[in-house]
Structure formats: C-alpha cells, structure tokens
file work_32.tsv (TSV, C-alpha atoms)
chain	number	residue	atom	x	y	z
J	10	MET	CA	163.59	129.30	-13.18
J	11	LYS	CA	159.99	130.27	-13.88
J	12	ASP	CA	157.08	128.83	-11.96
J	13	GLY	CA	154.01	128.72	-14.18
J	14	ALA	CA	151.51	128.36	-11.33
J	15	GLY	CA	149.87	131.61	-10.31
J	16	THR	CA	148.39	132.40	-6.92
J	17	CYS	CA	145.02	133.80	-7.96
J	18	GLY	CA	143.16	130.69	-9.04
J	19	GLN	CA	140.15	131.17	-6.77
J	20	ALA	CA	138.93	134.40	-8.36
J	21	ASP	CA	135.17	134.99	-8.65
J	22	LEU	CA	135.55	136.40	-12.16
J	23	GLY	CA	138.62	134.36	-13.06
J	24	SER	CA	142.17	135.61	-12.88
J	25	VAL	CA	142.57	135.36	-16.67
J	26	GLN	CA	140.12	138.25	-17.06
J	27	SER	CA	142.05	140.50	-14.71
J	28	LYS	CA	145.64	140.03	-15.89
J	29	GLY	CA	147.54	142.67	-17.84
J	30	VAL	CA	148.73	146.03	-16.57
J	31	ALA	CA	146.06	148.02	-18.46
J	32	ASN	CA	143.18	145.58	-17.96
J	33	PRO	CA	140.17	147.71	-16.84
J	34	ILE	CA	138.81	145.01	-14.51
J	35	ARG	CA	142.18	144.83	-12.78
J	36	LEU	CA	142.54	148.61	-12.57
J	37	ALA	CA	139.06	148.95	-11.06
J	38	SER	CA	139.95	146.33	-8.47
J	39	LEU	CA	143.22	148.14	-7.72
J	40	ALA	CA	141.34	151.42	-7.22
J	41	ARG	CA	138.90	149.72	-4.83
J	42	SER	CA	141.79	148.36	-2.77
J	43	GLY	CA	142.93	151.90	-1.94
J	44	MET	CA	146.56	150.79	-1.98
J	45	MET	CA	148.02	153.27	-4.46
J	46	ASP	CA	149.58	156.24	-2.62
J	47	SER	CA	148.38	154.95	0.75
J	48	PRO	CA	150.53	155.56	3.85
J	49	ALA	CA	153.12	153.03	4.95
J	50	THR	CA	151.79	150.68	7.65
J	51	GLU	CA	153.56	148.29	9.99
J	52	ASP	CA	151.55	145.22	8.90
J	53	PHE	CA	152.80	145.51	5.31
J	54	ASP	CA	156.29	146.74	6.25
J	55	ARG	CA	156.75	143.69	8.46
J	56	THR	CA	156.27	141.32	5.53
J	57	ALA	CA	158.94	143.10	3.49
J	58	ARG	CA	161.41	142.90	6.37
J	59	LEU	CA	160.65	139.20	6.84
J	60	ALA	CA	161.23	138.50	3.14
J	61	ALA	CA	164.63	140.23	3.18
J	62	ARG	CA	165.64	138.44	6.37
J	63	ILE	CA	164.54	134.96	5.31
J	64	LEU	CA	165.83	135.18	1.75
J	65	GLU	CA	168.93	137.17	2.75
J	66	THR	CA	168.38	139.78	0.05
J	67	PRO	CA	169.18	143.48	0.34
J	68	VAL	CA	165.78	144.55	-1.05
J	69	ALA	CA	162.19	143.32	-0.66
J	70	LEU	CA	159.08	145.12	-1.90
J	71	VAL	CA	155.30	144.98	-1.72
J	72	SER	CA	154.59	146.64	-5.05
J	73	PHE	CA	151.23	147.64	-6.55
J	74	VAL	CA	151.14	148.44	-10.26
J	75	ASP	CA	148.76	150.63	-12.25
J	76	GLU	CA	148.92	151.53	-15.94
J	77	ALA	CA	151.65	154.15	-15.45
J	78	ARG	CA	153.79	153.27	-12.42
J	79	GLN	CA	154.57	150.95	-9.55
J	80	PHE	CA	153.93	152.02	-5.96
J	81	PHE	CA	155.75	150.50	-3.00
J	82	LYS	CA	153.25	149.95	-0.22
J	83	ALA	CA	156.12	148.39	1.73
J	84	GLN	CA	159.84	148.53	1.06
J	85	HIS	CA	163.01	147.31	2.69
J	86	GLY	CA	166.51	148.19	1.56
J	87	LEU	CA	165.82	150.94	-0.98
J	88	VAL	CA	167.73	154.23	-0.68
J	89	GLY	CA	167.70	157.64	-2.32
J	90	SER	CA	164.92	159.20	-4.37
J	91	VAL	CA	163.27	155.87	-5.19
J	92	ALA	CA	162.81	155.16	-1.47
J	93	GLU	CA	161.51	158.70	-0.90
J	94	ASP	CA	159.12	158.54	-3.85
J	95	ARG	CA	157.97	155.03	-2.84
J	96	GLY	CA	157.75	154.00	-6.47
J	97	THR	CA	159.00	154.29	-10.02
J	98	ARG	CA	157.79	154.71	-13.56
J	99	LEU	CA	156.44	151.61	-15.24
J	100	ASP	CA	159.49	151.31	-17.52
J	101	GLN	CA	161.63	150.89	-14.38
J	102	SER	CA	159.44	148.09	-13.05
J	103	MET	CA	160.03	144.35	-13.21
J	104	CYS	CA	156.91	143.83	-11.10
J	105	ARG	CA	154.87	144.71	-14.17
J	106	PHE	CA	155.93	141.37	-15.71
J	107	VAL	CA	154.29	139.57	-12.79
J	108	VAL	CA	151.08	141.55	-13.32
J	109	ASP	CA	151.12	141.09	-17.10
J	110	ALA	CA	151.46	137.30	-16.85
J	111	GLY	CA	149.59	136.75	-13.60
J	112	GLU	CA	152.32	134.37	-12.43
J	113	PRO	CA	155.78	134.47	-10.82
J	114	PHE	CA	158.62	136.14	-12.71
J	115	ILE	CA	162.06	134.79	-11.81
J	116	VAL	CA	165.43	136.07	-13.08
J	117	ASN	CA	168.70	134.63	-11.78
J	118	ASP	CA	170.93	137.05	-13.70
J	119	THR	CA	169.43	140.09	-15.42
J	120	ALA	CA	172.61	140.65	-17.43
J	121	ASN	CA	172.10	137.33	-19.22
J	122	HIS	CA	168.30	137.30	-19.47
J	123	ALA	CA	166.88	137.56	-22.97
J	124	GLY	CA	164.42	140.43	-23.21
J	125	LEU	CA	165.82	142.49	-20.35
J	126	GLU	CA	168.62	144.11	-22.30
J	127	GLY	CA	168.78	147.76	-21.34
J	128	HIS	CA	165.90	147.53	-18.86
J	129	ALA	CA	165.93	150.63	-16.62
J	130	ALA	CA	165.55	148.62	-13.40
J	131	ILE	CA	168.94	146.97	-13.95
J	132	THR	CA	170.77	150.28	-13.76
J	133	ASP	CA	168.37	152.51	-11.79
J	134	LEU	CA	167.57	149.99	-9.03
J	135	ASP	CA	170.70	147.85	-9.32
J	136	VAL	CA	168.67	144.71	-10.04
J	137	ALA	CA	170.98	141.77	-10.78
J	138	ALA	CA	168.49	139.08	-9.69
J	139	TYR	CA	164.72	139.34	-9.28
J	140	ALA	CA	162.00	137.05	-7.91
J	141	GLY	CA	158.38	138.22	-7.75
J	142	VAL	CA	155.01	136.53	-7.18
J	143	PRO	CA	151.50	137.92	-7.73
J	144	ILE	CA	149.53	139.78	-5.07
J	145	CYS	CA	145.84	139.31	-5.74
J	146	ALA	CA	142.66	141.08	-4.69
J	147	PRO	CA	139.75	139.14	-3.16
J	148	ASP	CA	138.13	139.07	-6.62
J	149	GLY	CA	141.23	137.41	-8.10
J	150	SER	CA	142.61	140.44	-9.93
J	151	VAL	CA	146.42	140.65	-9.96
J	152	LEU	CA	147.22	143.94	-8.21
J	153	GLY	CA	150.98	143.78	-7.96
J	154	SER	CA	154.00	141.77	-6.89
J	155	PHE	CA	155.69	140.66	-3.71
J	156	CYS	CA	159.32	140.62	-4.77
J	157	ALA	CA	162.89	140.20	-3.61
J	158	ILE	CA	165.86	141.84	-5.33
J	159	ASP	CA	169.54	141.02	-5.14
J	160	HIS	CA	172.38	143.25	-6.34
J	161	LYS	CA	174.35	140.24	-7.54
J	162	PRO	CA	173.26	137.20	-9.59
J	163	ARG	CA	171.83	134.32	-7.56
J	164	HIS	CA	169.97	131.09	-8.09
J	165	TRP	CA	166.43	131.34	-6.68
J	166	THR	CA	165.39	128.02	-5.16
J	167	ASP	CA	161.96	126.45	-4.91
J	168	GLU	CA	162.08	127.24	-1.19
J	169	ASP	CA	162.73	130.91	-1.98
J	170	LEU	CA	159.69	130.98	-4.22
J	171	ALA	CA	157.56	129.21	-1.61
J	172	THR	CA	158.57	131.83	0.96
J	173	LEU	CA	157.53	134.68	-1.32
J	174	LYS	CA	154.21	132.99	-2.05
J	175	ASP	CA	153.50	132.50	1.65
J	176	LEU	CA	154.25	136.14	2.40
J	177	ALA	CA	152.13	137.26	-0.56
J	178	LYS	CA	149.27	135.27	0.96
J	179	VAL	CA	149.71	137.26	4.19
J	180	VAL	CA	149.35	140.48	2.20
J	181	GLU	CA	146.31	139.09	0.37
J	182	ALA	CA	144.68	138.13	3.67
J	183	GLU	CA	145.12	141.70	4.89
J	184	LEU	CA	143.60	143.06	1.67
J	185	ALA	CA	140.63	140.70	2.02
J	186	LEU	CA	140.13	141.70	5.65
J	187	ARG	CA	140.19	145.40	4.80
J	188	ALA	CA	137.71	144.89	1.96
J	189	THR	CA	135.38	142.86	4.18
J	190	VAL	CA	135.48	145.40	7.00
J	191	ALA	CA	134.79	148.31	4.64
J	192	GLN	CA	131.93	146.49	2.93
J	193	ARG	CA	130.29	145.37	6.14
J	194	GLU	CA	130.53	148.81	7.69
J	195	LEU	CA	128.70	150.17	4.67
J	196	VAL	CA	126.10	147.41	4.77
J	197	LEU	CA	125.49	147.82	8.51
J	198	ASP	CA	124.97	151.52	7.92
J	199	GLU	CA	122.59	150.55	5.13
J	200	MET	CA	120.60	148.29	7.42
J	201	SER	CA	120.10	151.13	9.89
J	202	HIS	CA	119.18	153.39	7.00
J	203	ARG	CA	116.82	150.73	5.68
J	204	ILE	CA	114.93	150.39	8.98
J	205	LYS	CA	114.25	154.11	8.99
J	206	ASN	CA	113.10	153.91	5.38
J	207	LEU	CA	110.77	151.00	6.12
J	208	PHE	CA	108.86	153.16	8.57
J	209	SER	CA	108.70	155.96	6.01
J	210	MET	CA	107.44	153.56	3.34
J	211	ILE	CA	104.80	152.07	5.62
J	212	ASN	CA	103.62	155.57	6.51
J	213	GLY	CA	103.35	156.37	2.80
J	214	MET	CA	101.43	153.16	2.11
J	215	VAL	CA	98.94	153.98	4.87
J	216	ARG	CA	98.47	157.47	3.43
J	217	ILE	CA	97.93	156.28	-0.14
J	218	ASP	CA	95.79	153.23	0.62
J	219	SER	CA	93.60	155.14	3.08
J	220	ARG	CA	92.56	157.40	0.20
J	221	ARG	CA	91.66	154.46	-2.01
J	222	ALA	CA	90.18	151.89	0.36
J	223	ASN	CA	86.41	151.90	0.77
J	224	THR	CA	86.30	149.92	4.02
J	225	PRO	CA	88.63	149.27	6.98
J	226	LEU	CA	88.86	145.63	5.91
J	227	GLU	CA	89.98	146.58	2.40
J	228	LEU	CA	92.59	148.92	3.89
J	229	ALA	CA	93.86	146.21	6.26
J	230	GLU	CA	94.13	143.62	3.48
J	231	SER	CA	95.97	145.97	1.15
J	232	LEU	CA	98.42	147.09	3.83
J	233	GLY	CA	98.95	143.51	4.96
J	234	GLN	CA	99.96	142.46	1.44
J	235	ARG	CA	102.34	145.38	1.08
J	236	ILE	CA	104.03	144.89	4.45
J	237	SER	CA	104.44	141.18	3.72
J	238	ALA	CA	106.07	142.05	0.40
J	239	LEU	CA	108.42	144.48	2.15
J	240	ASN	CA	109.43	141.68	4.51
J	241	ASP	CA	110.23	139.41	1.55
J	242	ALA	CA	112.41	142.10	-0.01
J	243	HIS	CA	114.17	142.72	3.30
J	244	GLN	CA	115.04	139.01	3.58
J	245	LEU	CA	116.85	139.21	0.25
J	246	ILE	CA	119.05	142.03	1.55
J	247	VAL	CA	120.00	140.53	4.91
J	248	PRO	CA	122.44	137.92	3.44
J	249	VAL	CA	124.84	140.72	2.43
J	250	VAL	CA	125.77	141.10	6.08
J	251	ALA	CA	126.61	137.39	6.36
J	252	ALA	CA	127.38	136.54	2.76
J	253	ASP	CA	129.91	133.91	3.79
J	254	ARG	CA	127.28	131.92	5.68
J	255	VAL	CA	124.01	132.45	3.82
J	256	ARG	CA	123.19	131.04	0.42
J	257	VAL	CA	120.45	132.55	-1.73
J	258	ALA	CA	118.98	130.60	-4.63
J	259	SER	CA	119.54	131.87	-8.16
J	260	THR	CA	116.49	133.28	-9.92
J	261	ASP	CA	115.22	135.06	-13.01
J	262	LEU	CA	115.51	138.85	-13.20
J	263	GLY	CA	111.77	139.22	-13.77
J	264	ALA	CA	110.95	137.06	-10.75
J	265	LEU	CA	113.41	139.04	-8.64
J	266	MET	CA	111.77	142.30	-9.75
J	267	GLN	CA	108.33	140.92	-8.91
J	268	ARG	CA	109.42	139.95	-5.42
J	269	LEU	CA	111.25	143.20	-4.65
J	270	LEU	CA	108.45	145.39	-5.97
J	271	ALA	CA	105.55	143.29	-4.72
J	272	ALA	CA	104.75	145.88	-2.07
J	273	HIS	CA	103.99	148.34	-4.84
J	274	LEU	CA	102.25	145.82	-7.09
J	275	ALA	CA	99.96	144.70	-4.25
J	276	GLY	CA	96.65	146.43	-3.68
J	277	PRO	CA	94.67	148.59	-6.09
J	278	SER	CA	97.40	150.95	-7.28
J	279	GLY	CA	98.38	149.35	-10.58
J	280	HIS	CA	100.86	152.11	-11.37
J	281	LEU	CA	103.93	149.93	-11.93
J	282	SER	CA	104.77	147.85	-14.99
J	283	LEU	CA	107.57	145.32	-15.56
J	284	GLY	CA	108.78	143.75	-18.79
J	285	GLY	CA	111.80	142.02	-20.27
J	286	PRO	CA	113.27	138.69	-21.41
J	287	HIS	CA	114.42	135.83	-19.20
J	288	VAL	CA	117.78	136.69	-17.59
J	289	ASN	CA	119.40	134.37	-15.06
J	290	VAL	CA	120.63	135.96	-11.82
J	291	GLY	CA	123.12	133.80	-9.93
J	292	GLU	CA	123.04	133.09	-6.20
J	293	ARG	CA	125.81	135.60	-5.47
J	294	SER	CA	124.35	138.33	-7.67
J	295	VAL	CA	120.82	138.02	-6.27
J	296	VAL	CA	121.81	139.73	-3.03
J	297	TYR	CA	123.55	142.68	-4.68
J	298	MET	CA	120.79	143.15	-7.26
J	299	ALA	CA	118.26	143.10	-4.42
J	300	LEU	CA	120.26	145.67	-2.50
J	301	ALA	CA	120.45	148.04	-5.48
J	302	LEU	CA	116.87	147.66	-6.71
J	303	HIS	CA	115.45	147.98	-3.21
J	304	GLU	CA	117.36	151.27	-2.83
J	305	VAL	CA	115.86	152.56	-6.10
J	306	ALA	CA	112.34	151.46	-5.09
J	307	THR	CA	112.67	153.01	-1.63
J	308	ASN	CA	113.69	156.37	-3.08
J	309	ALA	CA	110.81	156.16	-5.56
J	310	ALA	CA	108.36	155.49	-2.71
J	311	LYS	CA	109.73	158.32	-0.55
J	312	TYR	CA	110.33	161.01	-3.16
J	313	GLY	CA	109.05	159.84	-6.53
J	314	ALA	CA	106.36	158.11	-8.51
J	315	LEU	CA	105.75	155.15	-6.19
J	316	GLY	CA	104.69	157.58	-3.49
J	317	ALA	CA	102.40	159.68	-5.70
J	318	LEU	CA	98.73	158.94	-6.37
J	319	ASP	CA	99.18	159.70	-10.07
J	320	GLY	CA	102.70	158.26	-10.32
J	321	ARG	CA	103.72	155.76	-12.97
J	322	VAL	CA	106.81	153.55	-12.98
J	323	SER	CA	108.02	151.46	-15.91
J	324	VAL	CA	110.82	148.95	-15.48
J	325	SER	CA	112.15	147.24	-18.60
J	326	TRP	CA	115.26	145.32	-19.48
J	327	ARG	CA	116.94	143.95	-22.58
J	328	VAL	CA	120.01	141.89	-23.40
J	329	GLU	CA	122.53	143.44	-25.76
J	330	SER	CA	126.30	143.08	-26.32
J	331	ASP	CA	126.75	140.46	-23.57
J	332	ALA	CA	125.15	142.73	-20.98
J	333	VAL	CA	121.72	143.30	-19.49
J	334	HIS	CA	120.43	146.87	-19.71
J	335	ILE	CA	117.80	147.84	-17.11
J	336	HIS	CA	115.76	151.01	-17.58
J	337	TRP	CA	113.78	152.39	-14.64
J	338	GLN	CA	111.53	155.33	-15.52
J	339	GLU	CA	109.29	157.30	-13.19
J	340	GLN	CA	106.60	159.71	-14.29
J	341	ALA	CA	105.16	162.03	-11.64
J	342	ALA	CA	105.52	165.46	-10.10
J	343	LEU	CA	108.90	164.73	-8.53
J	344	SER	CA	109.90	166.05	-5.15
J	345	PRO	CA	112.88	168.41	-5.23
J	346	GLU	CA	114.36	166.12	-2.56
J	347	ARG	CA	114.44	163.19	-5.02
J	348	PRO	CA	118.05	161.94	-4.78
J	349	VAL	CA	120.12	162.02	-7.93
J	350	PRO	CA	123.26	159.86	-7.53
J	351	THR	CA	126.32	162.07	-7.21
J	352	GLY	CA	128.87	159.47	-6.11
J	353	THR	CA	129.26	160.92	-2.59
J	354	GLY	CA	125.95	160.31	-0.79
J	355	PHE	CA	125.04	157.18	1.13
J	356	GLY	CA	122.66	155.87	-1.52
J	357	SER	CA	125.22	156.47	-4.25
J	358	ARG	CA	127.92	154.60	-2.31
J	359	LEU	CA	125.53	151.74	-1.69
J	360	MET	CA	124.59	151.48	-5.38
J	361	GLU	CA	128.24	151.78	-6.37
J	362	MET	CA	129.18	148.93	-4.03
J	363	ALA	CA	126.42	146.65	-5.29
J	364	ILE	CA	126.42	147.38	-9.03
J	365	SER	CA	129.91	148.66	-9.86
J	366	HIS	CA	132.18	147.00	-7.30
J	367	GLN	CA	130.44	143.64	-6.90
J	368	LEU	CA	128.89	143.12	-10.34
J	369	GLY	CA	131.21	145.14	-12.57
J	370	GLY	CA	128.35	147.24	-13.92
J	371	ARG	CA	127.56	150.95	-14.18
J	372	ILE	CA	124.70	153.26	-13.20
J	373	GLU	CA	123.51	156.40	-14.95
J	374	SER	CA	120.58	158.62	-13.98
J	375	HIS	CA	118.97	161.88	-15.02
J	376	ARG	CA	115.77	163.83	-14.37
J	377	ASP	CA	113.85	165.94	-16.85
J	378	ALA	CA	110.73	167.78	-15.68
J	379	ASP	CA	108.37	165.04	-14.47
J	380	LEU	CA	110.50	162.13	-15.71
J	381	TYR	CA	113.22	160.40	-13.73
J	382	ASN	CA	115.36	157.76	-15.46
J	383	ILE	CA	117.90	155.27	-14.15
J	384	HIS	CA	119.95	153.06	-16.48
J	385	ILE	CA	121.81	150.07	-15.04
J	386	THR	CA	124.16	148.00	-17.21
J	387	ILE	CA	125.64	144.72	-15.91
J	388	PRO	CA	127.76	142.13	-17.79
J	389	LEU	CA	125.83	138.89	-18.24
J	390	ASP	CA	128.69	136.72	-17.04
J	391	ALA	CA	128.92	138.69	-13.78
J	392	LEU	CA	125.16	138.55	-13.26
J	393	SER	CA	125.07	134.78	-13.68
J	394	HIS	CA	127.48	134.09	-10.77
call {"tool": "encode", "arguments": {"input": "work_32.tsv", "output": "structure tokens"}}
result
Amino acid sequence: MKDGAGTCGQADLGSVQSKGVANPIRLASLARSGMMDSPATEDFDRTARLAARILETPVALVSFVDEARQFFKAQHGLVGSVAEDRGTRLDQSMCRFVVDAGEPFIVNDTANHAGLEGHAAITDLDVAAYAGVPICAPDGSVLGSFCAIDHKPRHWTDEDLATLKDLAKVVEAELALRATVAQRELVLDEMSHRIKNLFSMINGMVRIDSRRANTPLELAESLGQRISALNDAHQLIVPVVAADRVRVASTDLGALMQRLLAAHLAGPSGHLSLGGPHVNVGERSVVYMALALHEVATNAAKYGALGALDGRVSVSWRVESDAVHIHWQEQAALSPERPVPTGTGFGSRLMEMAISHQLGGRIESHRDADLYNIHITIPLDALSH
C-alpha cells in the first residue's frame, strides 16, 4: 500500500521545491533545525515509544536524513552498534525514500518488493516490513521520516498510517515551536539592540545637522524629519516579533528603500543615492528585508559613510537569473570599528536569519581602503511572498 498524499502541503516555498535527499533548500532547512547529531530528548523519545506500542512493532524511529546518512533523533527497539551510533549510512536507509518522494513509503514485505532487492536495510536492520511518513520543517521542507519497522512481513492498514501521520505531526509541532522560540529570542535581543542604536543614531544626527544648520529652526526641522523617518522604519521591524498576528502590505523594493533610509535622505545631507528597477516585495518578505536593511543602515550611520560629513552611499539593485542583486557601497574614511560580518556576531546572526534563513538568499561583504561593499542576493520567488 502506498499513500500518495504527503504531509507538507502548507509549505511557504512549496514542498515540491524541498524534496530530494540532496536538495539544497531541504539541506539548509535541515541544518537550521539543529536535529542532526543532537542529544536524545524525552519529548522525541516518547513519540517513538508510542508508535511501537500502538502499532505493536519492535522498532520505531524518528529519523532525519542528510545527503550522506540518516540520524535517529529518537529510537525504540534498536540494538547493537546501530543503536549506539544512532544512525546509519544512506545506503542502509529506507527513510531516504520518504524524503526523496516527499510522501509515505509503505512496504508490506521487503523480500517481495520490486526495487529493494539486496537493500542493506533488509539484512543490516532486519527490515521485513516498513512504514514511514514525512517529517517536515515549518517551511515545508521534508527533513526525514517517522517510521515503524517489523521483523516479519505485515499488512499496514490505513489506521496504521494515520497513527504514524499523527505522531509525525507531534514531532513537526515541536520543531515549529523550537524554531519560533529561537527566532523570537534573537528578535527580542535585536529590539533591545535596536533601541540602543536609535539613541546612537539620534546623537549622530544632532552632531551632523548642528554643523550644517544655520538657525535653530532649521536644525529642529531637519531633526524632526529624520526622527520621524526612524519611527517609520522601526514600525516595519516590529511585526517580526508578532509575525503571526501582524500583516504588512507588500511594496516595491525602491519604495521600501526610500522609507527605511528616509532618515538619511531627509535634511540637507544629500549623500545617499538609490536606483534600480521595480521589484515586488511580498507582505512576508517586507519585514525581513526591513530588518536586514535597517541593520546595514544603522551600522553605516554609527561607523560608516552615513555618519560622516563627507560620506557617500550608493544603493543599487538589478534583476538577473531569477534573483535580485542588491549592492550597497559606502565611500568614506571608515572607522576601524565598522563591523564586517563574520557569521558569529549579533549583527551577522540577525542578517543571516533575515536574508539566508527566511528568504533563502546570501550576503557577501568586503572593505577596501575607504570603500565598504555589501552584496545581497535573494531569489525573486522568495522575495515575492
């Protein structure tokens, strides 16, 4: 019996894009989950025990699969080196068939199943009957299989399959909860970080505008415009903390840039230029783009060209190969404190969450004398959601 209905239909990017053992979208999602080689925990172990008890099978597994092996986050009934290793090579895995197809894989008798002749799992794990259903990440990627194994042939019923699907949903709910907690902890840290940066930015605006304004009224008007623009940008970031309750309208990339950078476009400075074609930014992507671009602008105001009297910033973007390529370039005498993303600092983790994890893009940066460049590449289909 083979059930053709998968369990990952509500994916943001679509489960079809994330099927296949070696699919890079799926592997990135698996890495973000942190499941591979993670310690055994009672919440996952409990589901494996329940599956074995309800289905009356000797073995039940919560298995996550990468491009080279399967890892048992939870196991019940395994013995010997396989149990100690908590996994096997990919050629010993039947769970890989679940991941490859993105749907349940059901075998009543492995000895009589076409295509499984000589499969290592039959001899190494004593698999005579196998039933596995997909385990999916919050983004819809198929990460592995919740499976039951019998050492003798058996007929898997629709009720058996329904039980496995229900237990897989329990695992998926735990994955979603962990992802939400991790993301919100980072965002809450970011909000605290952002408040401190707002004061630093306002202090820098006062310093710069006080040198340029001819009268107190001119200074007040310029600062008022900039602080108002900062407030607008802050309102775009807030929905990340309550993304399940707040909806943000889709917009054009140029309009989003204008709004986020209005604080630096306001007043007499005129040291920032923007240019690029129309690119739609969907209601989900607006928040994460705002988060990332605001981080770049804040660093530029604190350490780079947006905080220098003679600084110049050019922001351009183009569409090429089904992706939008954003180029941020600063020209000024750069502070030695100017952050360069290393992958470990707070700003780097924030950018990684927004651009790489949420939008499937990548970030590259480098500095050369008085030039600082950031390149952001995001798939168009991800940006439009």
call {"tool": "residues_around", "arguments": {"input": "work_32.tsv", "residues": "Ala120 of chain J", "least_positions_apart": "6", "cutoff": "10 Å", "atoms": "all atoms listed in the file", "output": "ChimeraX atom specification"}}
result
/J:126-128,131,136-138,162
call {"tool": "atom_distance", "arguments": {"input": "work_32.tsv", "atom1": "atom CA of Ala130 of chain J", "atom2": "atom CA of Cys104 of chain J"}}
result
10.1 Å
call {"tool": "closest_residue", "arguments": {"input": "work_32.tsv", "among": "J:Glu373, J:Asp331, J:Asp46, J:Asp52", "to": "Val288 of chain J", "atoms": "only C-alpha atoms"}}
result
J:Asp331
call {"tool": "closest_residue", "arguments": {"input": "work_32.tsv", "among": "J:Leu99, J:Ala378, J:Leu368, J:Ala157", "to": "Val68 of chain J", "atoms": "only C-alpha atoms"}}
result
J:Ala157
call {"tool": "closest_residue", "arguments": {"input": "work_32.tsv", "among": "J:Leu389, J:Leu226, J:Ile372, J:Leu134", "to": "Ser294 of chain J", "atoms": "all atoms listed in the file"}}
result
J:Leu389
call {"tool": "residues_around", "arguments": {"input": "work_32.tsv", "residues": "Val71 of chain J", "least_positions_apart": "6", "cutoff": "10 Å", "atoms": "all atoms listed in the file", "output": "list in words"}}
result
Phe53, Asp54, Thr56, Ala57, Gln79, Phe80, Phe81, Lys82, Ala83, Gln84, His85, Cys104, Gly141, Ile144, Gly153, Ser154, Phe155, Cys156, Ala157, Leu176, Ala177 and Val180 of chain J
call {"tool": "write_last_selection", "arguments": {"input": "work_32.tsv", "atoms": "C-alpha atoms", "output": "PDB file, in the frame of the given file"}}
result
ATOM      1  CA  PHE J  53     152.800 145.510   5.310  1.00  0.00           C
ATOM      2  CA  ASP J  54     156.290 146.740   6.250  1.00  0.00           C
ATOM      3  CA  THR J  56     156.270 141.320   5.530  1.00  0.00           C
ATOM      4  CA  ALA J  57     158.940 143.100   3.490  1.00  0.00           C
ATOM      5  CA  GLN J  79     154.570 150.950  -9.550  1.00  0.00           C
ATOM      6  CA  PHE J  80     153.930 152.020  -5.960  1.00  0.00           C
ATOM      7  CA  PHE J  81     155.750 150.500  -3.000  1.00  0.00           C
ATOM      8  CA  LYS J  82     153.250 149.950  -0.220  1.00  0.00           C
ATOM      9  CA  ALA J  83     156.120 148.390   1.730  1.00  0.00           C
ATOM     10  CA  GLN J  84     159.840 148.530   1.060  1.00  0.00           C
ATOM     11  CA  HIS J  85     163.010 147.310   2.690  1.00  0.00           C
ATOM     12  CA  CYS J 104     156.910 143.830 -11.100  1.00  0.00           C
ATOM     13  CA  GLY J 141     158.380 138.220  -7.750  1.00  0.00           C
ATOM     14  CA  ILE J 144     149.530 139.780  -5.070  1.00  0.00           C
ATOM     15  CA  GLY J 153     150.980 143.780  -7.960  1.00  0.00           C
ATOM     16  CA  SER J 154     154.000 141.770  -6.890  1.00  0.00           C
ATOM     17  CA  PHE J 155     155.690 140.660  -3.710  1.00  0.00           C
ATOM     18  CA  CYS J 156     159.320 140.620  -4.770  1.00  0.00           C
ATOM     19  CA  ALA J 157     162.890 140.200  -3.610  1.00  0.00           C
ATOM     20  CA  LEU J 176     154.250 136.140   2.400  1.00  0.00           C
ATOM     21  CA  ALA J 177     152.130 137.260  -0.560  1.00  0.00           C
ATOM     22  CA  VAL J 180     149.350 140.480   2.200  1.00  0.00           C
TER      23      VAL J 180
END
call {"tool": "residues_near_point", "arguments": {"input": "work_32.tsv", "point": "(122.6, 142.0, -22.4)", "cutoff": "9 Å", "atoms": "all atoms listed in the file", "output": "PDB file with C-alpha atoms, keeping the file's coordinate frame"}}
result
ATOM      1  CA  VAL J 288     117.780 136.690 -17.590  1.00  0.00           C
ATOM      2  CA  TRP J 326     115.260 145.320 -19.480  1.00  0.00           C
ATOM      3  CA  ARG J 327     116.940 143.950 -22.580  1.00  0.00           C
ATOM      4  CA  VAL J 328     120.010 141.890 -23.400  1.00  0.00           C
ATOM      5  CA  GLU J 329     122.530 143.440 -25.760  1.00  0.00           C
ATOM      6  CA  SER J 330     126.300 143.080 -26.320  1.00  0.00           C
ATOM      7  CA  ASP J 331     126.750 140.460 -23.570  1.00  0.00           C
ATOM      8  CA  ALA J 332     125.150 142.730 -20.980  1.00  0.00           C
ATOM      9  CA  VAL J 333     121.720 143.300 -19.490  1.00  0.00           C
ATOM     10  CA  HIS J 334     120.430 146.870 -19.710  1.00  0.00           C
ATOM     11  CA  THR J 386     124.160 148.000 -17.210  1.00  0.00           C
ATOM     12  CA  ILE J 387     125.640 144.720 -15.910  1.00  0.00           C
ATOM     13  CA  PRO J 388     127.760 142.130 -17.790  1.00  0.00           C
ATOM     14  CA  LEU J 389     125.830 138.890 -18.240  1.00  0.00           C
TER      15      LEU J 389
END
call {"tool": "closest_residue", "arguments": {"input": "work_32.tsv", "among": "J:His303, J:Leu232, J:Asp319, J:Tyr381", "to": "Met360 of chain J", "atoms": "all atoms listed in the file"}}
result
J:His303
call {"tool": "atom_distance", "arguments": {"input": "work_32.tsv", "atom1": "atom CA of Gln338 of chain J", "atom2": "atom CA of Ser219 of chain J"}}
result
25.8 Å
call {"tool": "residues_around", "arguments": {"input": "work_32.tsv", "residues": "Gly285 of chain J", "least_positions_apart": "3", "cutoff": "12 Å", "atoms": "only C-alpha atoms", "output": "list in words"}}
result
Asp261, Leu262, Gly263, Ala264, Met266, Gln267, Ser282, Val288, Asn289, Ser323, Val324, Ser325, Trp326, Arg327, Val328, Val333, His334, Ile335, His336 and Trp337 of chain J
call {"tool": "atom_distance", "arguments": {"input": "work_32.tsv", "atom1": "atom CA of Ala110 of chain J", "atom2": "atom CA of Gly29 of chain J"}}
result
6.7 Å
call {"tool": "closest_residue", "arguments": {"input": "work_32.tsv", "among": "J:Ala363, J:Leu300, J:Ala309, J:Leu152", "to": "Ala37 of chain J", "atoms": "all atoms listed in the file"}}
result
J:Leu152
call {"tool": "residues_near_point", "arguments": {"input": "work_32.tsv", "point": "(144.1, 150.0, -3.2)", "cutoff": "10 Å", "atoms": "all atoms listed in the file", "output": "ChimeraX atom specification"}}
result
/J:36-47,73,82,146,152,184,188
